[in-house]
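**Student:** Sharing coords17.cif here; it has mmCIF, C-alpha atoms.
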data_model
#
loop_
_atom_site.group_PDB
_atom_site.id
_atom_site.type_symbol
_atom_site.label_atom_id
_atom_site.label_comp_id
_atom_site.auth_asym_id
_atom_site.auth_seq_id
_atom_site.Cartn_x
_atom_site.Cartn_y
_atom_site.Cartn_z
ATOM 1 C CA MET A 1 14.348 5.570 1.471
ATOM 2 C CA LYS A 2 13.516 3.081 -1.232
ATOM 3 C CA ILE A 3 10.085 3.077 -2.844
ATOM 4 C CA THR A 4 9.257 -0.226 -4.446
ATOM 5 C CA GLU A 5 5.492 -0.010 -4.916
ATOM 6 C CA LEU A 6 3.538 3.039 -5.985
ATOM 7 C CA THR A 7 0.036 1.614 -5.965
ATOM 8 C CA GLY A 8 -2.691 3.366 -4.069
ATOM 9 C CA ILE A 9 -1.477 6.932 -4.596
ATOM 10 C CA GLY A 10 -3.076 7.617 -7.951
ATOM 11 C CA ILE A 11 -0.200 6.585 -10.205
ATOM 12 C CA GLU A 12 -2.444 4.222 -12.186
ATOM 13 C CA GLN A 13 -5.011 6.968 -12.713
ATOM 14 C CA ILE A 14 -2.340 9.428 -13.809
ATOM 15 C CA HIS A 15 -0.824 6.892 -16.192
ATOM 16 C CA THR A 16 -4.249 5.999 -17.628
ATOM 17 C CA GLY A 17 -5.131 9.674 -17.943
ATOM 18 C CA GLN A 18 -1.898 10.360 -19.801
ATOM 19 C CA ALA A 19 -2.535 7.475 -22.175
ATOM 20 C CA LYS A 20 -6.025 8.815 -22.941
ATOM 21 C CA ALA A 21 -4.658 12.334 -23.420
ATOM 22 C CA VAL A 22 -2.050 11.054 -25.872
ATOM 23 C CA GLU A 23 -4.639 9.011 -27.775
ATOM 24 C CA GLY A 24 -6.878 12.070 -27.994
ATOM 25 C CA THR A 25 -4.128 14.269 -29.401
ATOM 26 C CA ARG A 26 -3.143 11.807 -32.106
ATOM 27 C CA THR A 27 -6.329 12.531 -34.032
ATOM 28 C CA GLN A 28 -5.986 16.301 -33.771
ATOM 29 C CA LYS A 29 -4.300 18.371 -36.463
ATOM 30 C CA PRO A 30 -1.097 19.946 -35.102
ATOM 31 C CA PRO A 31 -1.262 23.736 -34.787
ATOM 32 C CA ASP A 32 0.285 25.728 -37.608
ATOM 33 C CA HIS A 33 3.320 27.636 -36.351
ATOM 34 C CA GLY A 34 4.258 29.073 -39.702
ATOM 35 C CA SER A 35 7.212 27.984 -41.750
ATOM 36 C CA GLY A 36 9.590 27.909 -38.786
ATOM 37 C CA GLY A 37 9.223 24.154 -38.391
ATOM 38 C CA VAL A 38 9.162 24.401 -34.600
ATOM 39 C CA ASP A 39 7.632 21.498 -32.705
ATOM 40 C CA VAL A 40 5.803 22.280 -29.490
ATOM 41 C CA LEU A 41 5.244 19.773 -26.726
ATOM 42 C CA HIS A 42 2.685 20.419 -23.998
ATOM 43 C CA PHE A 43 2.583 18.372 -20.802
ATOM 44 C CA SER A 44 -0.594 17.839 -18.822
ATOM 45 C CA PRO A 45 -0.711 18.856 -15.146
ATOM 46 C CA GLN A 46 -0.734 15.149 -14.259
ATOM 47 C CA ALA A 47 2.430 14.544 -16.273
ATOM 48 C CA ARG A 48 4.133 17.482 -14.545
ATOM 49 C CA LEU A 49 3.063 16.148 -11.139
ATOM 50 C CA LEU A 50 4.362 12.687 -11.985
ATOM 51 C CA ASN A 51 7.657 14.201 -13.132
ATOM 52 C CA GLN A 52 7.943 16.169 -9.870
ATOM 53 C CA ALA A 53 7.285 13.017 -7.836
ATOM 54 C CA ALA A 54 9.902 11.095 -9.798
ATOM 55 C CA GLN A 55 12.435 13.906 -9.267
ATOM 56 C CA ILE A 56 11.788 13.939 -5.513
ATOM 57 C CA VAL A 57 12.327 10.167 -5.377
ATOM 58 C CA ARG A 58 15.590 10.501 -7.356
ATOM 59 C CA ASP A 59 16.812 13.294 -5.066
ATOM 60 C CA THR A 60 15.932 11.516 -1.811
ATOM 61 C CA PRO A 61 18.858 9.537 -0.405
ATOM 62 C CA GLU A 62 18.210 5.872 0.251
ATOM 63 C CA VAL A 63 19.896 6.116 3.658
ATOM 64 C CA ARG A 64 19.688 9.143 5.939
ATOM 65 C CA PRO A 65 23.041 9.136 7.769
ATOM 66 C CA GLU A 66 21.893 11.552 10.496
ATOM 67 C CA LYS A 67 19.080 9.163 11.484
ATOM 68 C CA VAL A 68 21.357 6.134 11.384
ATOM 69 C CA LEU A 69 23.987 7.834 13.552
ATOM 70 C CA ALA A 70 21.397 9.017 16.086
ATOM 71 C CA LEU A 71 19.961 5.496 16.406
ATOM 72 C CA LYS A 72 23.424 3.949 16.605
ATOM 73 C CA ASP A 73 24.444 6.347 19.400
ATOM 74 C CA SER A 74 21.207 5.664 21.246
ATOM 75 C CA VAL A 75 21.748 1.889 21.079
ATOM 76 C CA GLU A 76 25.395 2.169 22.143
ATOM 77 C CA GLN A 77 24.479 4.371 25.121
ATOM 78 C CA GLY A 78 21.660 2.045 26.155
ATOM 79 C CA THR A 79 19.029 4.775 25.813
ATOM 80 C CA TYR A 80 17.198 3.307 22.830
ATOM 81 C CA THR A 81 13.662 2.321 23.782
ATOM 82 C CA VAL A 82 10.964 0.581 21.805
ATOM 83 C CA ASP A 83 7.265 1.323 22.184
ATOM 84 C CA THR A 84 6.075 -2.278 22.268
ATOM 85 C CA THR A 85 2.429 -1.249 21.964
ATOM 86 C CA LYS A 86 3.132 0.519 18.679
ATOM 87 C CA VAL A 87 5.110 -2.459 17.392
ATOM 88 C CA ALA A 88 2.333 -4.889 18.335
ATOM 89 C CA ASN A 89 -0.315 -2.693 16.709
ATOM 90 C CA LYS A 90 1.722 -2.402 13.506
ATOM 91 C CA LEU A 91 2.202 -6.184 13.396
ATOM 92 C CA ILE A 92 -1.522 -6.782 13.829
ATOM 93 C CA VAL A 93 -2.418 -4.252 11.128
ATOM 94 C CA GLU A 94 0.131 -5.789 8.757
ATOM 95 C CA MET A 95 -1.211 -9.282 9.392
ATOM 96 C CA LEU A 96 -4.824 -8.199 8.874
ATOM 97 C CA THR A 97 -4.115 -6.260 5.684
ATOM 98 C CA GLU A 98 -1.651 -8.749 4.221
ATOM 99 C CA LYS A 99 -2.386 -9.699 0.629
ATOM 100 C CA ALA A 100 -2.689 -13.400 -0.048
#
Any chance you could put this one into structure tokens?
**Tutor:**
Amino acid sequence: MKITELTGIGIEQIHTGQAKAVEGTRTQKPPDHGSGGVDVLHFSPQARLLNQAAQIVRDTPEVRPEKVLALKDSVEQGTYTVDTTKVANKLIVEMLTEKA
């Protein structure tokens, strides 16, 4: 599976929220952790969610061989059928929602 566009699922809101969170923390004084000189980095829940989504996309194969083989066998055996009503409905929806 290849994902080329992530609009409409809240990515813009998450990104904007992260930018605001970062801007807000720039003006704050960092917490004092003593003389250890240890830096601490905290991620927002939105950043963690975005990281999880990115990891899932990286781990998902672009091609699912089991699906491809099943379809190939079905076509070769002559048992592959197409629901023409579903195809027609999808085409109509795509045409009506197509961006200019």
**Student:** What is the atom CA of Asp83 of chain A to atom CA of Thr97 of chain A distance in Å?
**Tutor:**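 Separation of atom CA of Asp83 of chain A and atom CA of Thr97 of chain A: 21.4 Å.
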**Student:** Could you tell me how far atom CA of Pro61 of chain A lies from atom CA of Val93 of chain A, in Å and to one decimal?
**Tutor:**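 Value for the atom CA of Pro61 of chain A-atom CA of Val93 of chain A distance: 27.9 Å.
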**Student:** Which distance in Å separates atom CA of Ser44 of chain A and atom CA of Glu62 of chain A, to one decimal?
**Tutor:**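 Taking atom CA of Ser44 of chain A as the start and atom CA of Glu62 of chain A as the end point, the length is 29.3 Å.
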